[in-house]
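Participant: Contents of input29.csv (CSV, N, CA and C atoms) are given next:
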chain,number,residue,atom,x,y,z
W,135,MET,N,153.6,62.6,95.9
W,135,MET,CA,152.8,61.6,96.5
W,135,MET,C,152.9,60.3,95.7
W,136,GLY,N,152.5,59.2,96.3
W,136,GLY,CA,152.5,58.0,95.6
W,136,GLY,C,152.0,56.8,96.5
W,137,ARG,N,152.4,55.6,96.1
W,137,ARG,CA,152.0,54.4,96.9
W,137,ARG,C,152.3,54.5,98.3
W,138,ASP,N,153.5,55.0,98.7
W,138,ASP,CA,153.9,55.1,100.1
W,138,ASP,C,152.9,56.0,100.9
W,139,THR,N,152.5,57.2,100.3
W,139,THR,CA,151.6,58.1,100.9
W,139,THR,C,150.3,57.4,101.1
W,140,VAL,N,149.8,56.8,100.1
W,140,VAL,CA,148.5,56.1,100.2
W,140,VAL,C,148.5,55.0,101.3
W,141,ASN,N,149.6,54.2,101.3
W,141,ASN,CA,149.7,53.2,102.3
W,141,ASN,C,149.8,53.7,103.7
W,142,GLU,N,150.5,54.9,103.9
W,142,GLU,CA,150.5,55.5,105.2
W,142,GLU,C,149.1,56.0,105.7
W,143,ILE,N,148.4,56.6,104.7
W,143,ILE,CA,147.0,57.0,105.1
W,143,ILE,C,146.1,55.8,105.5
W,144,CYS,N,146.2,54.8,104.7
W,144,CYS,CA,145.3,53.6,104.9
W,144,CYS,C,145.7,52.9,106.2
W,145,GLN,N,147.0,52.8,106.4
W,145,GLN,CA,147.5,52.0,107.6
W,145,GLN,C,147.1,52.7,108.9
W,146,ALA,N,146.9,54.0,108.9
W,146,ALA,CA,146.5,54.8,110.1
W,146,ALA,C,145.0,54.6,110.5
W,147,LEU,N,144.2,54.0,109.6
W,147,LEU,CA,142.8,53.9,109.8
W,147,LEU,C,142.5,52.6,110.7
W,148,PRO,N,141.6,52.7,111.7
W,148,PRO,CA,141.4,51.6,112.6
W,148,PRO,C,141.0,50.3,111.9
W,149,GLY,N,141.7,49.3,112.2
W,149,GLY,CA,141.3,47.9,111.6
W,149,GLY,C,141.8,47.7,110.2
W,150,ALA,N,142.5,48.7,109.6
W,150,ALA,CA,142.9,48.5,108.2
W,150,ALA,C,144.0,47.5,108.0
W,151,GLU,N,143.8,46.6,107.0
W,151,GLU,CA,144.8,45.6,106.8
W,151,GLU,C,145.1,45.5,105.3
W,152,ARG,N,146.4,45.3,105.0
W,152,ARG,CA,146.8,45.3,103.6
W,152,ARG,C,147.0,43.9,103.2
W,153,SER,N,146.7,43.6,101.9
W,153,SER,CA,146.9,42.2,101.3
W,153,SER,C,147.2,42.4,99.8
W,154,ASP,N,147.6,41.3,99.2
W,154,ASP,CA,147.8,41.3,97.8
W,154,ASP,C,147.0,40.1,97.2
W,155,PRO,N,145.7,40.2,97.2
W,155,PRO,CA,144.8,39.1,96.8
W,155,PRO,C,145.0,38.5,95.5
W,156,TRP,N,145.5,39.3,94.5
W,156,TRP,CA,145.7,38.7,93.2
W,156,TRP,C,147.1,38.5,92.8
W,157,GLY,N,148.0,38.7,93.7
W,157,GLY,CA,149.4,38.5,93.5
W,157,GLY,C,150.0,39.6,92.5
W,158,GLY,N,151.2,39.7,92.4
W,158,GLY,CA,151.9,40.6,91.5
W,158,GLY,C,152.1,42.0,91.9
W,159,GLY,N,151.8,42.3,93.2
W,159,GLY,CA,152.2,43.6,93.7
W,159,GLY,C,151.0,44.6,93.9
W,160,HIS,N,149.8,44.1,94.0
W,160,HIS,CA,148.7,45.0,94.4
W,160,HIS,C,148.7,45.3,95.9
W,161,ASP,N,148.3,46.4,96.3
W,161,ASP,CA,148.0,46.7,97.7
W,161,ASP,C,146.5,46.9,97.9
W,162,ALA,N,145.9,45.9,98.4
W,162,ALA,CA,144.4,46.0,98.6
W,162,ALA,C,144.2,46.2,100.1
W,163,TRP,N,143.6,47.4,100.4
W,163,TRP,CA,143.4,47.7,101.8
W,163,TRP,C,141.9,47.4,102.2
W,164,LYS,N,141.8,46.6,103.3
W,164,LYS,CA,140.5,46.2,103.7
W,164,LYS,C,140.2,46.5,105.2
W,165,VAL,N,138.9,46.6,105.5
W,165,VAL,CA,138.5,46.8,106.9
W,165,VAL,C,137.4,45.7,107.1
W,166,GLY,N,137.5,44.9,108.1
W,166,GLY,CA,136.5,43.9,108.3
W,166,GLY,C,136.4,42.9,107.2
W,167,GLY,N,137.5,42.7,106.4
W,167,GLY,CA,137.5,41.8,105.3
W,167,GLY,C,136.9,42.4,104.0
W,168,LYS,N,136.6,43.7,104.0
W,168,LYS,CA,136.0,44.3,102.8
W,168,LYS,C,136.9,45.4,102.3
W,169,MET,N,137.2,45.4,101.0
W,169,MET,CA,138.1,46.4,100.5
W,169,MET,C,137.6,47.8,100.4
W,170,PHE,N,138.5,48.8,100.8
W,170,PHE,CA,138.1,50.2,100.7
W,170,PHE,C,139.1,51.0,99.8
W,171,ALA,N,140.2,50.4,99.5
W,171,ALA,CA,141.2,51.1,98.7
W,171,ALA,C,142.1,50.0,98.0
W,172,CYS,N,142.5,50.3,96.8
W,172,CYS,CA,143.4,49.4,96.1
W,172,CYS,C,144.3,50.1,95.1
W,173,ILE,N,145.6,49.7,95.2
W,173,ILE,CA,146.6,50.2,94.3
W,173,ILE,C,147.0,49.1,93.4
W,174,GLY,N,146.9,49.3,92.1
W,174,GLY,CA,147.2,48.3,91.1
W,174,GLY,C,148.7,48.3,90.8
W,175,VAL,N,149.1,47.3,90.0
W,175,VAL,CA,150.5,47.2,89.6
W,175,VAL,C,150.9,48.3,88.7
W,176,ALA,N,150.0,49.0,88.0
W,176,ALA,CA,150.4,50.1,87.2
W,176,ALA,C,150.9,51.3,88.0
W,177,ASN,N,150.6,51.3,89.3
W,177,ASN,CA,151.1,52.3,90.2
W,177,ASN,C,150.8,53.7,89.7
W,178,ASP,N,149.5,53.9,89.3
W,178,ASP,CA,149.1,55.2,88.7
W,178,ASP,C,148.0,55.9,89.5
W,179,GLY,N,147.7,55.4,90.7
W,179,GLY,CA,146.7,55.9,91.5
W,179,GLY,C,146.1,54.9,92.4
W,180,VAL,N,145.0,55.3,93.2
W,180,VAL,CA,144.4,54.4,94.1
W,180,VAL,C,142.9,54.4,93.8
W,181,SER,N,142.3,53.2,93.8
W,181,SER,CA,140.9,53.0,93.5
W,181,SER,C,140.2,53.1,94.9
W,182,VAL,N,139.1,53.8,94.9
W,182,VAL,CA,138.3,54.0,96.1
W,182,VAL,C,136.8,53.9,95.8
W,183,LYS,N,136.1,53.6,96.8
W,183,LYS,CA,134.6,53.6,96.7
W,183,LYS,C,134.0,55.0,97.0
W,184,THR,N,133.0,55.3,96.2
W,184,THR,CA,132.3,56.6,96.4
W,184,THR,C,130.9,56.3,97.0
W,185,PRO,N,130.2,57.3,97.5
W,185,PRO,CA,128.9,57.0,98.1
W,185,PRO,C,127.9,56.4,97.1
W,186,SER,N,128.0,56.8,95.8
W,186,SER,CA,127.1,56.3,94.8
W,186,SER,C,127.7,56.3,93.4
W,187,VAL,N,127.0,55.7,92.5
W,187,VAL,CA,127.4,55.8,91.0
W,187,VAL,C,127.4,57.2,90.6
W,188,GLU,N,126.4,58.0,91.1
W,188,GLU,CA,126.3,59.4,90.7
W,188,GLU,C,127.5,60.2,91.2
W,189,ASP,N,127.9,60.0,92.4
W,189,ASP,CA,129.1,60.6,92.9
W,189,ASP,C,130.3,60.3,92.1
W,190,ALA,N,130.5,59.0,91.7
W,190,ALA,CA,131.6,58.6,90.9
W,190,ALA,C,131.6,59.3,89.6
W,191,ALA,N,130.4,59.4,88.9
W,191,ALA,CA,130.2,60.0,87.6
W,191,ALA,C,130.6,61.5,87.7
W,192,LEU,N,130.2,62.2,88.8
W,192,LEU,CA,130.5,63.6,89.0
W,192,LEU,C,132.0,63.8,89.2
W,193,LEU,N,132.7,62.9,89.9
W,193,LEU,CA,134.2,63.1,90.1
W,193,LEU,C,134.8,62.9,88.7
W,194,ILE,N,134.3,61.9,87.9
W,194,ILE,CA,134.9,61.7,86.6
W,194,ILE,C,134.7,62.9,85.7
W,195,GLU,N,133.4,63.4,85.7
W,195,GLU,CA,133.1,64.6,84.9
W,195,GLU,C,134.0,65.8,85.3
W,196,MET,N,134.3,65.9,86.6
W,196,MET,CA,135.1,67.1,87.0
W,196,MET,C,136.6,66.8,86.8
W,197,ALA,N,136.9,65.7,86.3
W,197,ALA,CA,138.3,65.3,86.0
W,197,ALA,C,139.1,65.1,87.3
W,198,ARG,N,138.4,64.8,88.4
W,198,ARG,CA,139.1,64.5,89.7
W,198,ARG,C,139.4,63.0,89.8
W,199,ALA,N,138.9,62.2,88.9
W,199,ALA,CA,139.1,60.8,89.0
W,199,ALA,C,138.8,60.2,87.6
W,200,VAL,N,139.1,58.9,87.5
W,200,VAL,CA,138.6,58.1,86.3
W,200,VAL,C,137.9,56.9,86.8
W,201,LYS,N,137.2,56.2,85.9
W,201,LYS,CA,136.6,55.0,86.2
W,201,LYS,C,137.6,54.0,86.7
W,202,ALA,N,137.4,53.3,87.8
W,202,ALA,CA,138.3,52.3,88.3
W,202,ALA,C,138.1,51.0,87.5
W,203,PRO,N,139.1,50.6,86.7
W,203,PRO,CA,139.0,49.3,85.9
W,203,PRO,C,138.7,48.1,86.8
W,204,TYR,N,137.8,47.3,86.4
W,204,TYR,CA,137.4,46.0,87.0
W,204,TYR,C,136.6,46.2,88.3
W,205,PHE,N,136.2,47.4,88.7
W,205,PHE,CA,135.4,47.6,89.9
W,205,PHE,C,134.0,48.1,89.5
W,206,HIS,N,133.1,48.0,90.4
W,206,HIS,CA,131.8,48.5,90.3
W,206,HIS,C,131.8,50.0,89.9
W,207,ARG,N,130.8,50.5,89.3
W,207,ARG,CA,130.7,51.9,88.8
W,207,ARG,C,130.8,52.9,89.9
W,208,SER,N,130.6,52.5,91.1
W,208,SER,CA,130.7,53.4,92.3
W,208,SER,C,132.1,53.6,92.7
W,209,TRP,N,133.0,52.9,92.1
W,209,TRP,CA,134.5,53.1,92.4
W,209,TRP,C,135.1,54.0,91.4
W,210,VAL,N,136.1,54.7,91.8
W,210,VAL,CA,136.9,55.6,90.9
W,210,VAL,C,138.4,55.4,91.2
W,211,ARG,N,139.2,55.7,90.3
W,211,ARG,CA,140.7,55.7,90.5
W,211,ARG,C,141.1,57.1,90.5
W,212,VAL,N,141.8,57.5,91.6
W,212,VAL,CA,142.3,58.9,91.8
W,212,VAL,C,143.8,58.8,91.6
W,213,ASP,N,144.2,59.7,90.6
W,213,ASP,CA,145.6,59.8,90.3
W,213,ASP,C,146.3,60.7,91.4
W,214,TRP,N,147.2,60.0,92.1
W,214,TRP,CA,147.8,60.7,93.3
W,214,TRP,C,148.7,61.9,92.9
W,215,GLU,N,149.0,62.0,91.6
W,215,GLU,CA,149.8,63.1,91.1
W,215,GLU,C,149.0,64.3,90.7
W,216,ALA,N,147.7,64.0,90.6
W,216,ALA,CA,146.8,65.1,90.0
W,216,ALA,C,145.9,65.8,91.1
W,217,VAL,N,145.9,65.3,92.3
W,217,VAL,CA,145.1,65.9,93.3
W,217,VAL,C,146.0,66.2,94.6
W,218,PRO,N,145.6,67.2,95.3
W,218,PRO,CA,146.3,67.5,96.5
W,218,PRO,C,146.2,66.4,97.6
W,219,GLU,N,147.2,66.3,98.5
W,219,GLU,CA,147.2,65.2,99.5
W,219,GLU,C,145.9,65.3,100.3
W,220,GLU,N,145.4,66.5,100.6
W,220,GLU,CA,144.2,66.6,101.5
W,220,GLU,C,143.0,65.9,100.8
W,221,GLU,N,142.9,66.1,99.5
W,221,GLU,CA,141.8,65.5,98.7
W,221,GLU,C,142.0,64.0,98.6
W,222,LEU,N,143.2,63.6,98.4
W,222,LEU,CA,143.4,62.1,98.3
W,222,LEU,C,143.1,61.5,99.7
W,223,ARG,N,143.5,62.1,100.8
W,223,ARG,CA,143.2,61.6,102.1
W,223,ARG,C,141.6,61.5,102.3
W,224,ASP,N,140.9,62.6,101.9
W,224,ASP,CA,139.5,62.6,102.0
W,224,ASP,C,138.8,61.5,101.2
W,225,ARG,N,139.3,61.3,100.0
W,225,ARG,CA,138.7,60.2,99.2
W,225,ARG,C,138.9,58.8,99.9
W,226,ILE,N,140.1,58.6,100.4
W,226,ILE,CA,140.4,57.3,101.1
W,226,ILE,C,139.6,57.2,102.3
W,227,GLU,N,139.5,58.2,103.1
W,227,GLU,CA,138.7,58.2,104.4
W,227,GLU,C,137.2,58.0,104.1
W,228,THR,N,136.7,58.7,103.1
W,228,THR,CA,135.3,58.5,102.7
W,228,THR,C,135.0,57.1,102.3
W,229,SER,N,135.9,56.5,101.5
W,229,SER,CA,135.7,55.1,101.1
W,229,SER,C,135.8,54.2,102.3
W,230,TYR,N,136.7,54.4,103.2
W,230,TYR,CA,136.8,53.6,104.4
W,230,TYR,C,135.5,53.7,105.2
W,231,GLY,N,135.0,54.9,105.4
W,231,GLY,CA,133.8,55.1,106.1
W,231,GLY,C,132.6,54.4,105.5
W,232,ILE,N,132.5,54.4,104.2
W,232,ILE,CA,131.4,53.7,103.5
W,232,ILE,C,131.5,52.2,103.8
W,233,VAL,N,132.7,51.7,103.7
W,233,VAL,CA,132.8,50.2,103.9
W,233,VAL,C,132.7,49.9,105.3
W,234,PHE,N,133.3,50.6,106.2
W,234,PHE,CA,133.1,50.4,107.7
W,234,PHE,C,131.6,50.5,108.1
W,235,GLY,N,130.9,51.4,107.6
W,235,GLY,CA,129.5,51.6,107.9
W,235,GLY,C,128.6,50.4,107.4
W,236,GLY,N,129.1,49.7,106.4
W,236,GLY,CA,128.4,48.5,105.9
W,236,GLY,C,128.7,47.2,106.7
W,237,LEU,N,129.6,47.3,107.6
W,237,LEU,CA,129.9,46.1,108.4
W,237,LEU,C,128.9,45.9,109.5
W,238,THR,N,128.8,44.7,110.0
W,238,THR,CA,127.8,44.5,111.1
W,238,THR,C,128.2,45.3,112.3
W,239,LYS,N,127.3,45.6,113.1
W,239,LYS,CA,127.5,46.4,114.3
W,239,LYS,C,128.6,45.7,115.2
W,240,LYS,N,128.5,44.4,115.3
W,240,LYS,CA,129.5,43.6,116.1
W,240,LYS,C,130.9,43.8,115.5
W,241,LYS,N,131.1,43.7,114.2
W,241,LYS,CA,132.4,43.9,113.6
W,241,LYS,C,132.9,45.4,113.8
W,242,GLN,N,131.9,46.3,113.7
W,242,GLN,CA,132.3,47.7,114.0
W,242,GLN,C,132.8,47.9,115.4
W,243,ARG,N,132.1,47.3,116.4
W,243,ARG,CA,132.5,47.4,117.8
W,243,ARG,C,133.9,46.8,118.0
W,244,ASP,N,134.1,45.6,117.4
W,244,ASP,CA,135.4,44.9,117.5
W,244,ASP,C,136.5,45.7,117.0
W,245,ILE,N,136.3,46.3,115.8
W,245,ILE,CA,137.4,47.2,115.2
W,245,ILE,C,137.6,48.4,116.0
W,246,ALA,N,136.5,49.0,116.5
W,246,ALA,CA,136.6,50.3,117.2
W,246,ALA,C,137.1,50.1,118.6
W,247,GLY,N,137.1,48.8,119.1
W,247,GLY,CA,137.6,48.5,120.4
W,247,GLY,C,136.6,48.8,121.5
W,248,GLY,N,135.3,48.7,121.1
W,248,GLY,CA,134.3,49.0,122.1
W,248,GLY,C,133.3,48.0,122.1
Re-express the file's structure as C-alpha cells.

Facilitator:
Amino acid sequence: MGRDTVNEICQALPGAERSDPWGGGHDAWKVGGKMFACIGVANDGVSVKTPSVEDAALLIEMARAVKAPYFHRSWVRVDWEAVPEEELRDRIETSYGIVFGGLTKKKQRDIAGG
C-alpha cells in the first residue's frame, strides 16, 4: 500500500477534493473545504483526524499510529505499511465522517446531493 491506495480511498468519498496547499507534493484531502486526510512529502503514511485526543492517544499507545506532526493532538499519522488496508480505510473513513459531520447541514446536503 502507499500514496496511491490512500488517494483511491479518499477520491471515492462523496465531495472529496485533493489539493497541495503548502506546495512541494502534499496530498491534502478535504470535504467542504475542511481537511480529513493528508499525505506529507516524507511519503510515510497518512494523517487523519480521530474522534478525540483520547482516541489518538490510545492508537499511539497501541502502536497503530504516531502523533501527526504539525496537527492538533486529535490527529494521528498511520503508517500504511504497518496496518492492513481495511484498518487504513476505516481510519480514513472515520476521519472523513468526523469532518463531514462538522459541516453545516446545507453543505452536507449539497455534498450528498440532496

Participant: Please, which residues in stretch 177-211 of chain W fall within 12 Å of stretch 226-233 of chain W when counting only C-alpha atoms, and what is the closest atom pair and distance in Å to one decimal for each, ordered by chain then residue number, as a Markdown table?

Facilitator:
| residue | atom | partner | partner_atom | distance |
| --- | --- | --- | --- | --- |
| W:Gly179 | CA | W:Ile226 | CA | 11.6 |
| W:Val180 | CA | W:Ile226 | CA | 8.6 |
| W:Ser181 | CA | W:Ile226 | CA | 8.7 |
| W:Val182 | CA | W:Ser229 | CA | 5.7 |
| W:Lys183 | CA | W:Ser229 | CA | 4.8 |
| W:Thr184 | CA | W:Ser229 | CA | 6.0 |
| W:Pro185 | CA | W:Ile232 | CA | 6.8 |
| W:Ser186 | CA | W:Ile232 | CA | 10.0 |
| W:Asp189 | CA | W:Thr228 | CA | 11.8 |
| W:Ala190 | CA | W:Ser229 | CA | 11.5 |
| W:Ser208 | CA | W:Ser229 | CA | 10.3 |
| W:Trp209 | CA | W:Ser229 | CA | 9.0 |
| W:Val210 | CA | W:Ser229 | CA | 10.3 |
| W:Arg211 | CA | W:Ile226 | CA | 10.7 |

Participant: For the selection you just gave me, I'd like the residues written to a file as a short mmCIF file (atom, residue, chain, number, x, y, z; two decimals), in the frame of the given file, keeping N, CA and C atoms.

Facilitator:
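Heads up, here's the output in selection29.cif:
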data_model
loop_
_atom_site.label_atom_id
_atom_site.label_comp_id
_atom_site.auth_asym_id
_atom_site.auth_seq_id
_atom_site.Cartn_x
_atom_site.Cartn_y
_atom_site.Cartn_z
N GLY W 179 147.70 55.40 90.70
CA GLY W 179 146.70 55.90 91.50
C GLY W 179 146.10 54.90 92.40
N VAL W 180 145.00 55.30 93.20
CA VAL W 180 144.40 54.40 94.10
C VAL W 180 142.90 54.40 93.80
N SER W 181 142.30 53.20 93.80
CA SER W 181 140.90 53.00 93.50
C SER W 181 140.20 53.10 94.90
N VAL W 182 139.10 53.80 94.90
CA VAL W 182 138.30 54.00 96.10
C VAL W 182 136.80 53.90 95.80
N LYS W 183 136.10 53.60 96.80
CA LYS W 183 134.60 53.60 96.70
C LYS W 183 134.00 55.00 97.00
N THR W 184 133.00 55.30 96.20
CA THR W 184 132.30 56.60 96.40
C THR W 184 130.90 56.30 97.00
N PRO W 185 130.20 57.30 97.50
CA PRO W 185 128.90 57.00 98.10
C PRO W 185 127.90 56.40 97.10
N SER W 186 128.00 56.80 95.80
CA SER W 186 127.10 56.30 94.80
C SER W 186 127.70 56.30 93.40
N ASP W 189 127.90 60.00 92.40
CA ASP W 189 129.10 60.60 92.90
C ASP W 189 130.30 60.30 92.10
N ALA W 190 130.50 59.00 91.70
CA ALA W 190 131.60 58.60 90.90
C ALA W 190 131.60 59.30 89.60
N SER W 208 130.60 52.50 91.10
CA SER W 208 130.70 53.40 92.30
C SER W 208 132.10 53.60 92.70
N TRP W 209 133.00 52.90 92.10
CA TRP W 209 134.50 53.10 92.40
C TRP W 209 135.10 54.00 91.40
N VAL W 210 136.10 54.70 91.80
CA VAL W 210 136.90 55.60 90.90
C VAL W 210 138.40 55.40 91.20
N ARG W 211 139.20 55.70 90.30
CA ARG W 211 140.70 55.70 90.50
C ARG W 211 141.10 57.10 90.50
#

Participant: Can you tell me, as number ranges by chain, what residues are no more than 12 Å from W:Asp244 when counting only C-alpha atoms, ignoring any on the same chain fewer than 3 positions away?

Facilitator: W: 148-149, 165-166, 234, 237-241, 247-248

Participant: Work out how far apart atom C of W:Trp156 and atom C of W:Trp214 are and give it in Å to one decimal.

Facilitator: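 Computing it gives 23.5 Å between the two atoms.
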
Participant: As an exercise, work out the distance from atom CA of W:Glu221 to atom CA of W:Arg207 in Å and give it to one decimal place.

Facilitator: 20.2 Å

Participant: W:Met196, W:Ile143, W:Val175, W:Ile245: which is nearest W:His160, counting only C-alpha atoms?

Facilitator: W:Val175

Participant: What is the distance between atom CA of W:Gly157 and atom CA of W:Gly236, in Å to one decimal?

Facilitator: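 Those two atoms sit 26.4 Å apart.
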
Participant: Closest to W:Gly174 among W:Asp224, W:Glu188, W:Glu215, W:Asp161, using only N, CA and C atoms?

Facilitator: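 Using only N, CA and C atoms, W:Gly174 sits closest to W:Asp161.
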
Participant: I need the residues of stretch 136-244 of chain W that end up classed as strand (DSSP E or B) by DSSP on the backbone, written out as a ChimeraX atom specification.

Facilitator: /W:150-153,161-165,168-173,180-183,200-201,209-212

Participant: Taking the backbone alone, and naming residues the way the document does, which bits of chain W are helix (DSSP H, G or I) by DSSP, as a PyMOL selection string?

Facilitator: chain W and resi 137-145+187-195+219-235+239-246

Participant: Skip W:Ala150 itself and residues of its chain fewer than 3 positions away, then list as an mmCIF file with N, CA and C atoms, keeping the file's coordinate frame all residues within 6 Å of it, counting only N, CA and C atoms.

Facilitator:
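Contents of around-v4.cif, freshly written:
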data_model
loop_
_atom_site.group_PDB
_atom_site.id
_atom_site.type_symbol
_atom_site.label_atom_id
_atom_site.label_comp_id
_atom_site.auth_asym_id
_atom_site.auth_seq_id
_atom_site.Cartn_x
_atom_site.Cartn_y
_atom_site.Cartn_z
ATOM 1 N N CYS W 144 146.200 54.800 104.700
ATOM 2 C CA CYS W 144 145.300 53.600 104.900
ATOM 3 C C CYS W 144 145.700 52.900 106.200
ATOM 4 N N GLN W 145 147.000 52.800 106.400
ATOM 5 C CA GLN W 145 147.500 52.000 107.600
ATOM 6 C C GLN W 145 147.100 52.700 108.900
ATOM 7 N N LEU W 147 144.200 54.000 109.600
ATOM 8 C CA LEU W 147 142.800 53.900 109.800
ATOM 9 C C LEU W 147 142.500 52.600 110.700
ATOM 10 N N LYS W 164 141.800 46.600 103.300
ATOM 11 C CA LYS W 164 140.500 46.200 103.700
ATOM 12 C C LYS W 164 140.200 46.500 105.200
ATOM 13 N N VAL W 165 138.900 46.600 105.500
ATOM 14 C CA VAL W 165 138.500 46.800 106.900
ATOM 15 C C VAL W 165 137.400 45.700 107.100
#

Participant: Have a look at W:Asp178, W:Cys172, W:Asn141, W:Leu222 and name the one nearest to W:Tyr204; count only C-alpha atoms.

Facilitator: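 Under the stated criterion, the closest residue is W:Cys172.
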
Participant: Take stretch 193-208 of chain W from the preceding structure and save N, CA and C atoms as a compact mmCIF listing (two decimals), in the first residue's frame.

Facilitator:
# COMPACT_ATOMS: atom_id res chain seq x y z
N LEU W 193 -4.56 5.03 20.13
CA LEU W 193 -3.96 4.49 18.90
C LEU W 193 -2.44 4.55 18.97
N ILE W 194 -1.92 5.63 19.51
CA ILE W 194 -0.47 5.78 19.64
C ILE W 194 0.06 4.76 20.64
N GLU W 195 -0.62 4.61 21.78
CA GLU W 195 -0.21 3.66 22.81
C GLU W 195 -0.23 2.22 22.28
N MET W 196 -1.21 1.93 21.41
CA MET W 196 -1.33 0.58 20.84
C MET W 196 -0.38 0.37 19.65
N ALA W 197 0.41 1.39 19.33
CA ALA W 197 1.36 1.35 18.20
C ALA W 197 0.64 1.18 16.86
N ARG W 198 -0.59 1.68 16.75
CA ARG W 198 -1.33 1.65 15.49
C ARG W 198 -1.11 2.94 14.71
N ALA W 199 -0.52 3.95 15.37
CA ALA W 199 -0.28 5.25 14.75
C ALA W 199 0.75 6.01 15.59
N VAL W 200 1.17 7.15 15.06
CA VAL W 200 2.05 8.06 15.80
C VAL W 200 1.41 9.44 15.76
N LYS W 201 1.90 10.34 16.61
CA LYS W 201 1.38 11.70 16.60
C LYS W 201 1.64 12.31 15.23
N ALA W 202 0.64 12.97 14.68
CA ALA W 202 0.79 13.62 13.38
C ALA W 202 1.50 14.96 13.58
N PRO W 203 2.71 15.10 13.04
CA PRO W 203 3.44 16.36 13.21
C PRO W 203 2.65 17.54 12.64
N TYR W 204 2.68 18.65 13.36
CA TYR W 204 2.08 19.92 12.93
C TYR W 204 0.56 19.95 13.03
N PHE W 205 -0.07 18.88 13.48
CA PHE W 205 -1.52 18.82 13.59
C PHE W 205 -1.94 18.83 15.06
N HIS W 206 -3.23 19.08 15.29
CA HIS W 206 -3.81 19.02 16.63
C HIS W 206 -3.61 17.63 17.21
N ARG W 207 -3.67 17.51 18.51
CA ARG W 207 -3.43 16.23 19.19
C ARG W 207 -4.47 15.16 18.86
N SER W 208 -5.58 15.55 18.27
CA SER W 208 -6.59 14.56 17.89
C SER W 208 -6.28 13.92 16.53
